Amino acid sequence: MSDTASARPPRRTKSIVILASAGLAILTLVSWTQVWFGVTLVDGTTIDVDGQVAAPALSALALTSLVLVGALSIAGPVFRVIFGILESLIGVAVVFSGILAAGDPIAASASAISTATGVSGSTSVADLVDTIDGGFWPWLVIVCGVLIILAGVAIVATSRHWPTATRKYQAARLEPADAQRTSVDDWDSLSGGKDPTTND
């Protein structure tokens, strides 16, 4: 009973960390699909700029994090640490993408403005912008990135205590009923807890 109770906290920690990491990756991916900025040009034209334009790398980062979480659930202790470090690095990249977009929304919206107007060049594009309204999605991505970093740290710190995967069913070896017994078979029987002197 005490062994079962002592195994619960590590198992619970593993579940929480994995589910939280998956949730953060999904939230980052959802944020990437939303409208991040509303740009109004000097001629009155309005352009909606979504995360796919403002931070195109986020989709790859979020999907990579999801794959990593899937692998983490079946990984051994050494790979858990490696995956935890990778998860933190993904979080750093997510934070960096969010900060770049939130810090310079005109630059983040430049490709959308160029597509709508045919004007290119950072200075020329900036001259076309009258106002730009920023939403909360870039900031949400930054928060997600910070939490992903912390999730990676938690993986590294706690994964060595996680329960290891066990096989419920052991592989069975089939032999003909009339096969000749050998000394190796007798040793195998002893290893399995059976008396080799019996005929069962």
# chains A, B, ... in the order shown; residues from 1 in each chain; ligands from 1
call {"tool": "residues_around", "arguments": {"residues": "Ala154 (chain A)", "least_positions_apart": "5", "cutoff": "10 Å", "atoms": "only C-alpha atoms", "output": "list of chain:residue names"}}
result
A:Thr13, A:Lys14, A:Val17, A:Val81, A:Gly84, A:Ile85, A:Ser88, A:Ile148, A:Ile149, A:Ser159
call {"tool": "closest_residue", "arguments": {"among": "A:Leu100, A:Val153, A:Ala93, A:Ser65", "to": "Gly23 (chain A)", "atoms": "only C-alpha atoms"}}
result
A:Ser65
call {"tool": "select_by_dssp", "arguments": {"residues": "region 5-197 of chain A", "states": "helix (DSSP H, G or I)", "output": "count of residues only"}}
result
128
call {"tool": "closest_residue", "arguments": {"among": "A:Ile74, A:Leu29, A:Val119, A:Ile142", "to": "Pro56 (chain A)", "atoms": "only C-alpha atoms"}}
result
A:Leu29
